[in-house]
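Source file: start.cif. Holds: mmCIF, C-alpha atoms and all ligand atoms.
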data_model
loop_
_atom_site.label_atom_id
_atom_site.label_comp_id
_atom_site.auth_asym_id
_atom_site.auth_seq_id
_atom_site.Cartn_x
_atom_site.Cartn_y
_atom_site.Cartn_z
CA MET A 1205 -2.08 -36.49 -12.53
CA LYS A 1206 -1.33 -34.36 -15.56
CA LEU A 1207 -0.87 -30.66 -14.84
CA ALA A 1208 -3.28 -28.21 -16.46
CA ILE A 1209 -0.32 -26.37 -17.98
CA ASN A 1210 0.44 -29.60 -19.88
CA GLY A 1211 -3.15 -30.15 -20.98
CA GLY A 1212 -4.52 -31.92 -17.88
CA SER A 1213 -7.77 -30.85 -16.28
CA PRO A 1214 -7.43 -27.99 -13.78
CA VAL A 1215 -8.24 -28.29 -10.07
CA ARG A 1216 -10.84 -25.55 -10.35
CA ARG A 1217 -12.96 -24.25 -13.22
CA ASN A 1218 -15.61 -22.03 -11.66
CA LEU A 1219 -14.85 -18.53 -10.42
CA PHE A 1220 -13.61 -17.79 -6.91
CA PRO A 1221 -15.31 -15.13 -4.77
CA GLY A 1222 -13.77 -11.71 -5.40
CA ASN A 1223 -13.49 -8.73 -3.09
CA SER A 1224 -17.26 -8.12 -3.11
CA VAL A 1225 -17.53 -5.51 -0.38
CA ILE A 1226 -20.17 -3.23 -1.88
CA GLY A 1227 -23.72 -4.01 -0.72
CA PRO A 1228 -27.10 -2.46 0.04
CA GLU A 1229 -25.63 -0.13 2.70
CA GLU A 1230 -23.40 1.56 0.13
CA GLN A 1231 -26.27 1.78 -2.34
CA GLU A 1232 -28.40 3.49 0.31
CA ALA A 1233 -25.60 5.91 1.15
CA ALA A 1234 -25.00 6.79 -2.49
CA LYS A 1235 -28.72 7.31 -2.99
CA ARG A 1236 -28.88 9.60 0.04
CA VAL A 1237 -26.17 11.82 -1.44
CA LEU A 1238 -27.62 11.77 -4.95
CA GLU A 1239 -31.02 12.78 -3.60
CA SER A 1240 -29.45 15.65 -1.66
CA GLY A 1241 -28.28 17.08 -4.98
CA THR A 1242 -24.89 18.09 -3.54
CA LEU A 1243 -22.19 15.71 -4.73
CA SER A 1244 -19.36 17.77 -3.31
CA ALA A 1245 -19.49 20.76 -0.99
CA PHE A 1246 -15.89 21.98 -1.02
CA TYR A 1247 -14.97 25.59 -1.79
CA GLY A 1248 -11.37 26.41 -2.65
CA ALA A 1249 -11.66 29.55 -0.55
CA TRP A 1250 -11.43 30.53 3.12
CA ASN A 1251 -15.05 30.13 4.19
CA ASP A 1252 -17.06 27.50 6.04
CA LYS A 1253 -17.00 25.22 2.98
CA PHE A 1254 -13.19 25.05 2.90
CA TYR A 1255 -13.25 21.85 4.97
CA GLY A 1256 -15.83 20.06 2.79
CA GLY A 1257 -19.40 18.86 3.16
CA PRO A 1258 -21.20 16.81 5.82
CA GLU A 1259 -20.30 13.35 4.49
CA VAL A 1260 -16.61 14.21 4.19
CA ARG A 1261 -16.54 15.63 7.70
CA ALA A 1262 -18.46 12.69 9.13
CA LEU A 1263 -16.07 10.26 7.47
CA GLU A 1264 -13.14 12.18 8.94
CA ASP A 1265 -14.64 12.08 12.45
CA GLU A 1266 -15.42 8.39 12.24
CA TRP A 1267 -12.02 7.56 10.77
CA ALA A 1268 -10.21 9.48 13.52
CA LYS A 1269 -12.27 7.73 16.18
CA PHE A 1270 -11.74 4.26 14.68
CA TYR A 1271 -7.98 4.73 14.44
CA ASN A 1272 -7.74 6.58 17.74
CA VAL A 1273 -5.97 9.53 16.18
CA LYS A 1274 -6.62 13.27 16.51
CA HIS A 1275 -6.97 14.25 12.84
CA ALA A 1276 -8.20 12.42 9.74
CA ILE A 1277 -8.27 14.24 6.40
CA ALA A 1278 -10.10 12.70 3.44
CA VAL A 1279 -8.46 13.03 0.02
CA ASN A 1280 -9.13 11.63 -3.44
CA SER A 1281 -6.41 8.95 -3.29
CA ALA A 1282 -3.58 7.66 -1.14
CA THR A 1283 -1.22 9.04 -3.79
CA SER A 1284 -2.61 12.53 -3.16
CA GLY A 1285 -2.36 11.85 0.56
CA LEU A 1286 1.35 11.09 0.24
CA TYR A 1287 1.87 14.27 -1.80
CA CYS A 1288 0.07 16.27 0.92
CA ALA A 1289 2.23 14.67 3.61
CA VAL A 1290 5.49 15.44 1.80
CA GLY A 1291 4.40 19.04 1.30
CA ALA A 1292 3.08 19.43 4.84
CA ILE A 1293 6.36 18.46 6.53
CA GLY A 1294 7.86 21.47 4.77
CA CYS A 1295 10.35 19.68 2.61
CA ASP A 1296 12.67 21.85 0.52
CA PRO A 1297 13.98 21.19 -2.99
CA GLY A 1298 17.05 19.00 -2.65
CA ASP A 1299 16.03 17.46 0.67
CA GLU A 1300 16.46 13.71 0.70
CA ILE A 1301 13.64 11.37 1.62
CA ILE A 1302 14.38 7.70 2.26
CA VAL A 1303 11.99 5.37 0.45
CA THR A 1304 11.52 1.67 -0.25
CA PRO A 1305 11.97 0.18 -3.71
CA TYR A 1306 9.45 -2.56 -3.02
CA SER A 1307 6.05 -0.88 -3.06
CA MET A 1308 3.48 0.71 -5.29
CA CYS A 1309 5.23 3.51 -7.24
CA ALA A 1310 3.59 6.46 -5.41
CA SER A 1311 5.47 5.56 -2.20
CA ALA A 1312 8.75 6.52 -3.89
CA VAL A 1313 7.57 9.17 -6.36
CA ALA A 1314 5.93 11.41 -3.74
CA PRO A 1315 9.17 13.27 -2.78
CA LEU A 1316 9.68 14.36 -6.39
CA ILE A 1317 6.43 16.32 -6.38
CA PHE A 1318 8.14 18.88 -4.12
CA ASN A 1319 11.54 18.46 -5.79
CA ALA A 1320 12.92 16.35 -2.98
CA ILE A 1321 15.21 13.43 -3.83
CA PRO A 1322 14.09 9.84 -3.20
CA ILE A 1323 16.90 7.77 -1.66
CA PHE A 1324 16.27 4.04 -1.80
CA ALA A 1325 17.09 1.82 1.17
CA ASP A 1326 16.69 -1.95 1.04
CA ILE A 1327 14.00 -4.11 2.66
CA GLU A 1328 14.42 -6.94 5.15
CA THR A 1329 13.31 -10.34 3.90
CA ALA A 1330 11.06 -11.52 6.74
CA TYR A 1331 8.26 -8.94 6.41
CA PHE A 1332 9.41 -7.06 3.27
CA CYS A 1333 9.43 -3.61 4.93
CA LEU A 1334 12.35 -1.15 5.06
CA ASP A 1335 15.30 -2.58 7.00
CA PRO A 1336 16.21 -0.24 9.89
CA ALA A 1337 19.94 -0.87 9.34
CA ALA A 1338 19.61 0.07 5.66
CA VAL A 1339 17.64 3.18 6.59
CA GLU A 1340 20.31 4.24 9.06
CA ALA A 1341 23.03 3.76 6.46
CA ALA A 1342 21.09 5.98 4.03
CA ILE A 1343 20.78 8.95 6.38
CA THR A 1344 22.81 12.05 5.40
CA PRO A 1345 22.74 15.65 6.64
CA ARG A 1346 20.23 16.32 3.84
CA THR A 1347 17.72 13.67 4.96
CA LYS A 1348 14.36 15.15 5.87
CA ALA A 1349 12.02 12.17 6.18
CA ILE A 1350 11.41 8.48 5.73
CA ILE A 1351 8.42 7.25 3.74
CA ILE A 1352 7.84 3.82 5.16
CA VAL A 1353 5.38 1.28 3.78
CA ASP A 1354 3.49 -1.37 5.71
CA LEU A 1355 3.95 -3.71 2.80
CA PHE A 1356 1.38 -6.40 2.06
CA GLY A 1357 -0.41 -5.34 5.28
CA HIS A 1358 2.40 -5.89 7.81
CA PRO A 1359 3.31 -2.95 10.11
CA TYR A 1360 6.85 -1.58 9.68
CA GLN A 1361 9.39 -1.89 12.53
CA ALA A 1362 8.13 1.20 14.32
CA GLN A 1363 10.30 0.96 17.42
CA GLU A 1364 13.61 0.89 15.50
CA ILE A 1365 12.62 3.26 12.68
CA ASN A 1366 10.98 5.81 14.99
CA ALA A 1367 14.06 5.81 17.24
CA LEU A 1368 16.26 6.53 14.21
CA ALA A 1369 13.93 9.30 13.11
CA LYS A 1370 14.00 10.86 16.55
CA LYS A 1371 17.78 10.67 16.78
CA HIS A 1372 18.26 12.39 13.41
CA GLY A 1373 15.26 14.76 13.54
CA LEU A 1374 13.38 13.13 10.65
CA TYR A 1375 9.68 12.86 9.91
CA VAL A 1376 8.16 9.42 9.44
CA ILE A 1377 5.48 9.31 6.75
CA GLU A 1378 3.69 5.97 6.97
CA ASP A 1379 2.15 4.58 3.81
CA ALA A 1380 -0.50 2.27 5.25
CA ALA A 1381 -2.40 1.90 1.98
CA GLN A 1382 -2.15 -1.87 2.27
CA ALA A 1383 -2.52 -2.09 6.02
CA PRO A 1384 -5.89 -0.77 7.22
CA GLY A 1385 -6.54 -2.33 10.62
CA ALA A 1386 -3.05 -3.82 10.98
CA MET A 1387 -1.62 -3.36 14.47
CA ASP A 1388 1.64 -3.06 16.35
CA ASN A 1389 0.78 -3.76 19.98
CA ASP A 1390 -2.19 -1.49 20.72
CA ARG A 1391 -1.60 0.97 17.89
CA TYR A 1392 -2.93 0.86 14.37
CA ALA A 1393 -0.66 0.89 11.34
CA GLY A 1394 -0.99 4.33 9.81
CA THR A 1395 -0.73 5.97 13.24
CA LEU A 1396 2.78 4.68 14.04
CA GLY A 1397 4.65 7.55 12.38
CA ASP A 1398 4.14 11.34 12.28
CA VAL A 1399 1.62 11.19 9.48
CA GLY A 1400 -0.05 8.16 7.88
CA VAL A 1401 -1.93 7.52 4.66
CA TYR A 1402 -4.66 4.99 3.80
CA SER A 1403 -6.09 4.13 0.40
CA LEU A 1404 -9.71 3.59 -0.57
CA ASN A 1405 -9.07 2.58 -4.17
CA TYR A 1406 -10.86 -0.31 -5.82
CA HIS A 1407 -8.04 -2.81 -5.15
CA LYS A 1408 -7.82 -2.22 -1.43
CA HIS A 1409 -9.50 -4.01 1.53
CA ILE A 1410 -12.25 -1.41 1.63
CA HIS A 1411 -12.90 1.13 -1.07
CA CYS A 1412 -15.14 3.86 -2.44
CA GLY A 1413 -13.91 3.76 -6.04
CA GLU A 1414 -11.00 6.11 -5.50
CA GLY A 1415 -10.08 7.77 -2.23
CA GLY A 1416 -7.61 8.12 0.60
CA VAL A 1417 -7.34 9.34 4.19
CA VAL A 1418 -4.40 11.08 5.87
CA VAL A 1419 -4.06 10.81 9.67
CA THR A 1420 -1.88 12.59 12.21
CA ASN A 1421 -1.86 13.66 15.85
CA ASP A 1422 -0.08 16.90 14.93
CA GLN A 1423 -2.48 19.82 14.63
CA ALA A 1424 -0.16 21.95 12.48
CA LEU A 1425 0.58 19.12 10.06
CA ALA A 1426 -3.13 18.33 9.79
CA GLU A 1427 -3.99 21.90 8.85
CA ARG A 1428 -1.21 22.02 6.25
CA VAL A 1429 -2.51 18.78 4.72
CA ARG A 1430 -5.99 20.35 4.54
CA LEU A 1431 -4.53 23.41 2.81
CA ILE A 1432 -2.57 21.41 0.25
CA ARG A 1433 -5.70 19.33 -0.40
CA ASN A 1434 -7.69 22.38 -1.37
CA HIS A 1435 -6.00 25.27 -3.22
CA ALA A 1436 -3.79 26.52 -0.41
CA GLU A 1437 -2.58 29.43 -2.53
CA ALA A 1438 -6.05 30.99 -2.57
CA VAL A 1439 -6.69 30.37 1.11
CA VAL A 1440 -3.52 31.25 3.04
CA GLY A 1441 -3.94 35.01 2.57
CA PRO A 1442 -7.52 35.39 3.84
CA LYS A 1443 -6.83 32.75 6.51
CA GLY A 1444 -3.76 34.63 7.71
CA GLU A 1445 -1.59 31.52 7.51
CA PRO A 1446 1.97 32.47 8.46
CA ASN A 1447 3.76 29.37 7.08
CA LEU A 1448 3.68 29.67 3.29
CA VAL A 1449 6.07 26.82 2.50
CA ASN A 1450 4.66 24.43 -0.14
CA MET A 1451 1.28 26.15 -0.10
CA LEU A 1452 0.57 25.70 -3.78
CA GLY A 1453 -2.52 24.63 -5.50
CA PHE A 1454 -3.90 21.17 -5.77
CA ASN A 1455 -7.39 19.79 -5.81
CA PHE A 1456 -7.23 16.52 -3.88
CA ARG A 1457 -10.78 16.77 -2.53
CA MET A 1458 -12.98 13.75 -1.92
CA THR A 1459 -16.59 13.97 -3.09
CA GLU A 1460 -19.62 13.53 -0.83
CA LEU A 1461 -20.55 10.41 -2.76
CA GLU A 1462 -17.24 8.69 -2.06
CA ALA A 1463 -17.25 9.82 1.56
CA ALA A 1464 -20.73 8.39 2.16
CA ILE A 1465 -19.65 5.04 0.68
CA ALA A 1466 -16.36 5.08 2.60
CA ARG A 1467 -18.28 5.53 5.87
CA CYS A 1468 -20.15 2.27 5.24
CA GLN A 1469 -16.93 0.57 4.26
CA LEU A 1470 -15.16 1.56 7.47
CA ARG A 1471 -17.93 -0.10 9.48
CA LYS A 1472 -17.25 -3.36 7.63
CA LEU A 1473 -13.48 -3.31 7.98
CA LYS A 1474 -13.17 -5.37 11.17
CA ASP A 1475 -15.28 -8.26 9.88
CA LEU A 1476 -13.57 -8.24 6.51
CA LEU A 1477 -10.17 -8.39 8.19
CA LYS A 1478 -11.27 -11.20 10.46
CA ALA A 1479 -12.13 -13.31 7.43
CA ARG A 1480 -8.86 -12.49 5.63
CA ARG A 1481 -6.83 -13.36 8.71
CA SER A 1482 -8.62 -16.62 9.28
CA HIS A 1483 -8.21 -17.63 5.62
CA CYS A 1484 -4.52 -16.77 5.62
CA SER A 1485 -3.94 -18.67 8.82
CA TYR A 1486 -5.59 -21.76 7.30
CA LEU A 1487 -3.55 -21.43 4.10
CA ASN A 1488 -0.36 -20.93 6.11
CA GLY A 1489 -0.92 -24.27 7.83
CA GLU A 1490 -1.86 -26.21 4.71
CA LEU A 1491 0.77 -24.75 2.39
CA SER A 1492 3.59 -25.27 4.86
CA THR A 1493 3.42 -29.00 4.02
CA ILE A 1494 5.16 -28.03 0.77
CA PRO A 1495 8.89 -27.95 1.67
CA ALA A 1496 9.83 -25.25 -0.87
CA ILE A 1497 7.11 -22.83 0.25
CA LYS A 1498 7.35 -20.60 3.29
CA PRO A 1499 4.16 -18.86 4.44
CA PRO A 1500 4.28 -15.23 5.59
CA ALA A 1501 5.48 -14.47 9.11
CA THR A 1502 3.94 -11.92 11.48
CA ARG A 1503 6.19 -10.13 13.96
CA GLU A 1504 5.48 -10.64 17.66
CA ASN A 1505 2.63 -8.45 19.00
CA CYS A 1506 1.58 -7.45 15.49
CA LEU A 1507 -1.60 -8.04 13.53
CA HIS A 1508 -1.27 -8.49 9.76
CA SER A 1509 -3.91 -7.16 7.33
CA PHE A 1510 -3.03 -9.47 4.41
CA TYR A 1511 -3.55 -7.15 1.48
CA LEU A 1512 -1.88 -9.97 -0.42
CA HIS A 1513 -0.85 -13.41 0.79
CA THR A 1514 2.91 -13.52 0.27
CA LEU A 1515 4.80 -16.79 0.08
CA LYS A 1516 8.53 -17.35 -0.25
CA TYR A 1517 9.71 -19.98 -2.70
CA CYS A 1518 12.97 -21.90 -2.55
CA GLU A 1519 14.05 -22.91 -6.02
CA GLU A 1520 16.93 -25.06 -4.72
CA LEU A 1521 14.50 -27.23 -2.71
CA ALA A 1522 11.95 -27.41 -5.51
CA GLY A 1523 14.31 -28.21 -8.34
CA VAL A 1524 12.16 -26.11 -10.70
CA GLY A 1525 12.13 -22.37 -11.20
CA ARG A 1526 9.63 -20.17 -9.41
CA ASP A 1527 8.14 -18.58 -12.50
CA ILE A 1528 7.16 -21.84 -14.18
CA PHE A 1529 5.89 -23.18 -10.84
CA VAL A 1530 3.64 -20.14 -10.37
CA LYS A 1531 2.46 -20.29 -13.96
CA ALA A 1532 1.47 -23.93 -13.45
CA VAL A 1533 -0.41 -23.09 -10.22
CA GLY A 1534 -2.27 -20.31 -12.04
CA GLN A 1535 -3.38 -22.74 -14.72
CA GLU A 1536 -4.93 -24.98 -12.06
CA LEU A 1537 -7.00 -22.08 -10.68
CA ALA A 1538 -9.92 -20.03 -11.97
CA PRO A 1539 -10.13 -16.22 -11.95
CA MET A 1540 -12.18 -14.27 -9.42
CA GLU A 1541 -15.61 -12.75 -9.59
CA LEU A 1542 -15.54 -9.03 -10.54
CA ARG A 1543 -12.09 -9.53 -12.11
CA GLU A 1544 -12.76 -12.41 -14.44
CA SER A 1545 -10.82 -10.94 -17.34
CA ASP A 1546 -7.72 -10.56 -15.15
CA GLY A 1547 -7.12 -14.32 -15.11
CA ALA A 1548 -5.64 -16.23 -12.19
CA ARG A 1549 -4.71 -14.02 -9.22
CA VAL A 1550 -1.29 -15.48 -8.45
CA TRP A 1551 2.02 -13.91 -9.47
CA SER A 1552 5.79 -14.28 -9.41
CA GLY A 1553 7.14 -11.32 -7.44
CA TYR A 1554 5.26 -8.10 -6.75
CA VAL A 1555 6.57 -4.94 -8.49
CA THR A 1556 9.85 -4.23 -10.28
CA PRO A 1557 12.14 -2.55 -7.73
CA LEU A 1558 11.15 1.05 -8.26
CA TYR A 1559 14.63 2.47 -8.91
CA LEU A 1560 14.55 0.47 -12.16
CA LEU A 1561 11.58 2.48 -13.48
CA PRO A 1562 12.67 4.77 -16.36
CA LEU A 1563 11.76 7.82 -14.23
CA PHE A 1564 14.53 6.91 -11.78
CA GLU A 1565 17.00 4.99 -13.93
CA LYS A 1566 17.14 7.80 -16.49
CA LYS A 1567 16.44 10.55 -13.95
CA ILE A 1568 13.93 12.30 -16.17
CA ALA A 1569 11.14 13.90 -14.13
CA TYR A 1570 10.66 17.65 -14.69
CA GLY A 1571 11.75 18.72 -18.16
CA LYS A 1572 14.71 17.15 -19.90
CA HIS A 1573 17.68 18.36 -17.87
CA GLY A 1574 17.53 16.02 -14.90
CA CYS A 1575 15.52 18.23 -12.57
CA PRO A 1576 15.36 17.85 -9.58
CA TRP A 1577 18.48 15.64 -9.34
CA THR A 1578 20.71 18.12 -11.17
CA CYS A 1579 19.34 21.20 -9.40
CA ASN A 1580 21.86 23.24 -7.44
CA ALA A 1581 19.79 22.70 -4.35
CA HIS A 1582 20.78 19.06 -4.31
CA GLY A 1583 24.28 18.78 -5.71
CA ARG A 1584 25.07 15.18 -4.74
CA GLU A 1585 25.12 12.60 -7.49
CA ILE A 1586 22.60 9.81 -7.03
CA HIS A 1587 22.61 6.57 -9.03
CA TYR A 1588 19.63 4.32 -9.45
CA ARG A 1589 20.67 1.00 -11.01
CA LYS A 1590 20.48 -2.75 -10.83
CA GLY A 1591 22.09 -4.12 -7.69
CA LEU A 1592 21.18 -1.09 -5.55
CA CYS A 1593 18.92 -3.07 -3.18
CA PRO A 1594 19.87 -6.77 -3.39
CA ASN A 1595 17.19 -8.02 -0.98
CA SER A 1596 14.43 -6.38 -2.97
CA GLU A 1597 15.80 -7.81 -6.20
CA LYS A 1598 16.18 -11.29 -4.72
CA MET A 1599 12.63 -11.24 -3.35
CA HIS A 1600 11.19 -9.93 -6.58
CA TYR A 1601 13.10 -11.95 -9.13
CA LYS A 1602 13.60 -15.20 -7.19
CA GLU A 1603 11.52 -15.83 -4.10
CA VAL A 1604 8.25 -13.96 -3.66
CA ILE A 1605 4.94 -15.44 -4.76
CA VAL A 1606 1.81 -13.36 -4.11
CA HIS A 1607 -1.80 -14.31 -4.56
CA GLU A 1608 -5.28 -13.05 -3.70
CA TYR A 1609 -7.07 -16.32 -3.00
CA MET A 1610 -7.87 -15.31 0.58
CA MET A 1611 -10.63 -12.79 -0.08
CA PRO A 1612 -13.24 -12.47 2.69
CA GLY A 1613 -15.90 -14.34 0.69
CA MET A 1614 -13.84 -17.52 0.27
CA THR A 1615 -15.28 -20.74 1.72
CA ARG A 1616 -13.30 -23.65 3.15
CA LYS A 1617 -13.93 -25.49 -0.14
CA ASP A 1618 -12.48 -22.54 -2.09
CA LEU A 1619 -9.41 -22.49 0.14
CA ASN A 1620 -8.94 -26.23 -0.23
CA ASP A 1621 -9.00 -25.87 -4.02
CA VAL A 1622 -6.19 -23.34 -3.73
CA VAL A 1623 -4.19 -25.70 -1.53
CA ASP A 1624 -4.88 -28.58 -3.91
CA ALA A 1625 -3.58 -26.53 -6.84
CA PHE A 1626 -0.28 -25.82 -5.07
CA VAL A 1627 0.05 -29.43 -3.87
CA LYS A 1628 -0.77 -30.84 -7.30
CA VAL A 1629 1.91 -28.73 -8.96
CA TRP A 1630 4.38 -29.60 -6.21
CA ASP A 1631 3.71 -33.36 -6.49
CA ASN A 1632 3.98 -33.26 -10.28
CA ARG A 1633 6.77 -30.73 -10.63
CA GLN A 1634 8.84 -33.24 -12.61
CA GLU A 1635 6.43 -32.52 -15.44
CA LEU A 1636 7.65 -28.90 -15.50
CA LYS A 1637 11.23 -29.87 -16.22
CA SER A 1638 10.63 -31.20 -19.70
C1 LIG A 1701 -2.50 1.38 -3.51
C2 LIG A 1701 -1.29 1.97 -2.92
C3 LIG A 1701 -1.02 3.35 -3.00
C4 LIG A 1701 -1.83 4.29 -3.81
O1 LIG A 1701 -3.16 4.29 -3.50
P1 LIG A 1701 -4.19 5.17 -4.38
O2 LIG A 1701 -5.32 5.39 -3.45
O3 LIG A 1701 -4.52 4.35 -5.56
O4 LIG A 1701 -3.50 6.42 -4.77
C5 LIG A 1701 0.08 3.84 -2.34
N1 LIG A 1701 0.89 3.04 -1.66
C6 LIG A 1701 0.69 1.70 -1.58
C7 LIG A 1701 1.62 0.89 -0.77
C8 LIG A 1701 -0.40 1.13 -2.23
O5 LIG A 1701 -0.60 -0.19 -2.17
#

Let's see the structure in the file written out as C-alpha cells.
Amino acid sequence: MKLAINGGSPVRRNLFPGNSVIGPEEQEAAKRVLESGTLSAFYGAWNDKFYGGPEVRALEDEWAKFYNVKHAIAVNSATSGLYCAVGAIGCDPGDEIIVTPYSMCASAVAPLIFNAIPIFADIETAYFCLDPAAVEAAITPRTKAIIIVDLFGHPYQAQEINALAKKHGLYVIEDAAQAPGAMDNDRYAGTLGDVGVYSLNYHKHIHCGEGGVVVTNDQALAERVRLIRNHAEAVVGPKGEPNLVNMLGFNFRMTELEAAIARCQLRKLKDLLKARRSHCSYLNGELSTIPAIKPPATRENCLHSFYLHTLKYCEELAGVGRDIFVKAVGQELAPMELRESDGARVWSGYVTPLYLLPLFEKKIAYGKHGCPWTCNAHGREIHYRKGLCPNSEKMHYKEVIVHEYMMPGMTRKDLNDVVDAFVKVWDNRQELKS
C-alpha cells in the first residue's frame, strides 16, 4: 500500500473532531454578562471592587471547591499566574529558581520578571517532568523555589520534590496548565505544591479564550497574588499592607465575561477528561503493537490528564528516522475541526529545550548589558548551551512524538483511523528509506 507521502491515498480525508468544548451553556453565560452591561468590575484601588465582580468571585469559589483548596485567584492567563506566584513568594533579584527546559516558555521565563535567575534542571524520561535527582543537584544557597510542570498532563513527583523543598526551605510553584484534573493519590495536580497555576487559554482542556487560575492553601500567599494581580502599588498603602516586597503594578485581571464562561467549562471538565482518558487508553493498547512505539506511562496512583498524547519512538528498532516517520503519519491523517488550517496534529518532539531560546542563550532580557544575570545581586556565572540537559534534548530531538488525535469528541472510528495511519506507515516504512 503506497504511503500518502509518496503519492498514495491517505487513510483519512475528512476532518477529525477538534476540541469543541464551547456550547449553549457558554453562550447563555456570555449573554447574561453582556446583558448586565458590566464586563469587568475590578477597581485597582482598596475598596469592595478590589477583588473583582460577581462572576470572577463565583468562579474562584467554585474552582477552590472543585480542587479542594482554600484559595483560588482568577487571572488573565497562566503566564500572569506564574508571574504572580514568583512575586508572591517574595523572591529577590539574584535568587535562583529551578525550572524545566521542557515546557511552554512561560514556565522558565517567570523568574526573570522579578530579576530572579532561572536554573535549568533536566527531566526524567518516563513522564517528562523534572527529575528529583537533577533538581537536588541544582540547589545552591541562592535557590529560592522550584517551578515544576505537570508536563503533558502527568503530575510531577510530588513526594520526592516536596521533600527536597522542605529540606532546603524552598517554595514549590506548580505549573499545572496542562494538568487540570490530573491526580496524585487523592490530591489534584496544581494543589501538590505551595502554589499552583492553571490555564484557560484556547489550547487547553477547558478554556474561556484567555485566562488562568492560581491556587494555594496559604492565606498570605493568596493575598499577595491578589495584590500583584491588581495594581498592588496603589492598594498597599490604603490597605495597610506591611509586606511591600514585589508589590508593583500589573493588571492581570480576568473579565466577567471570561469568568462566566470558565464557570461553565469547569462543570464540563470531568466528562471531558473521562473521554480523553478512555481514548488514550484505547490508543495505548492499539499502538503498542508497533514495536518501535512506546505509549505514555502513568505513575502508580496517579491520574493523567493527557493534554497531549506522547509516544516514544525508537529509531534503532524502526530503521527509519523519527522525523520522516512522523511526517508520513501526518500525511495519512486529516486536520481537525476548528484548526483546519493548522494541518495534521502530530509532531516530532514538543518544544526546543528552553535554554536554547535566544533570551537564555544570549542572556539578553532587560536592556543590553545582561541584566539580570550580570547584576551584582547574582554574581555567579550561568551558562545556557547545548548539552545542558541531555534527557530533554534526547526526548526532543530523537524520541518524543506528540499528537492531539484523542480529543473528547473522537469516535472509535476516528481512533481506528489514527491507529491505521501509524500501522500503515510502520508496515510500509521501507518506502521511507528511498
Ligand atoms: C499553556 C501553558 C502555559 C501558559 O498558559 P497561558 O494561559 O497561555 O498563559 C504555561 N505553562 C504551560 C506548561 C502551558 O502549557

Within-7 Å residues of ligand LIG 1701 (chain A), basis all atoms listed in the file, as an NGL selection string: :A and (1281-1284 or 1307-1308 or 1310-1311 or 1353 or 1355 or 1379-1382 or 1403-1405 or 1408 or 1414-1416)

I'd like the neighbourhood of A:Pro1594 as a PyMOL selection string, where a residue qualifies if any of its atoms comes within 9 Å (using all atoms listed in the file), though same-chain residues fewer than 5 positions away should be ignored. chain A and resi 1326-1327+1599

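The residue that comes closest to A:Ile1465, out of A:Ile1317, A:Ala1367, A:Val1225, A:Cys1333 and on the basis of only C-alpha atoms, is A:Val1225.
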
Find the residue from A:Ile1321, A:Ala1522, A:Leu1487, A:Ala1424 that sits nearest to A:His1582; use all atoms listed in the file when measuring. A:Ile1321

Grab the atom CA of A:Lys1590 to atom CA of A:Lys1602 distance for me, in Å with one decimal place. 14.7 Å

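Among the candidate residues A:Lys1472, A:Arg1467, A:Lys1516, A:Arg1589, the one lying nearest to A:Lys1498 is A:Lys1516, with distances computed using only C-alpha atoms.
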
With all atoms of stretch 1238-1242 of chain A from the file as input, state the centre and edge lengths in Å to one decimal of the axis-aligned box that has 3 Å extra on each side, as AutoDock Vina command-line options.
--center_x -28.0 --center_y 14.9 --center_z -3.3 --size_x 12.1 --size_y 12.3 --size_z 9.3
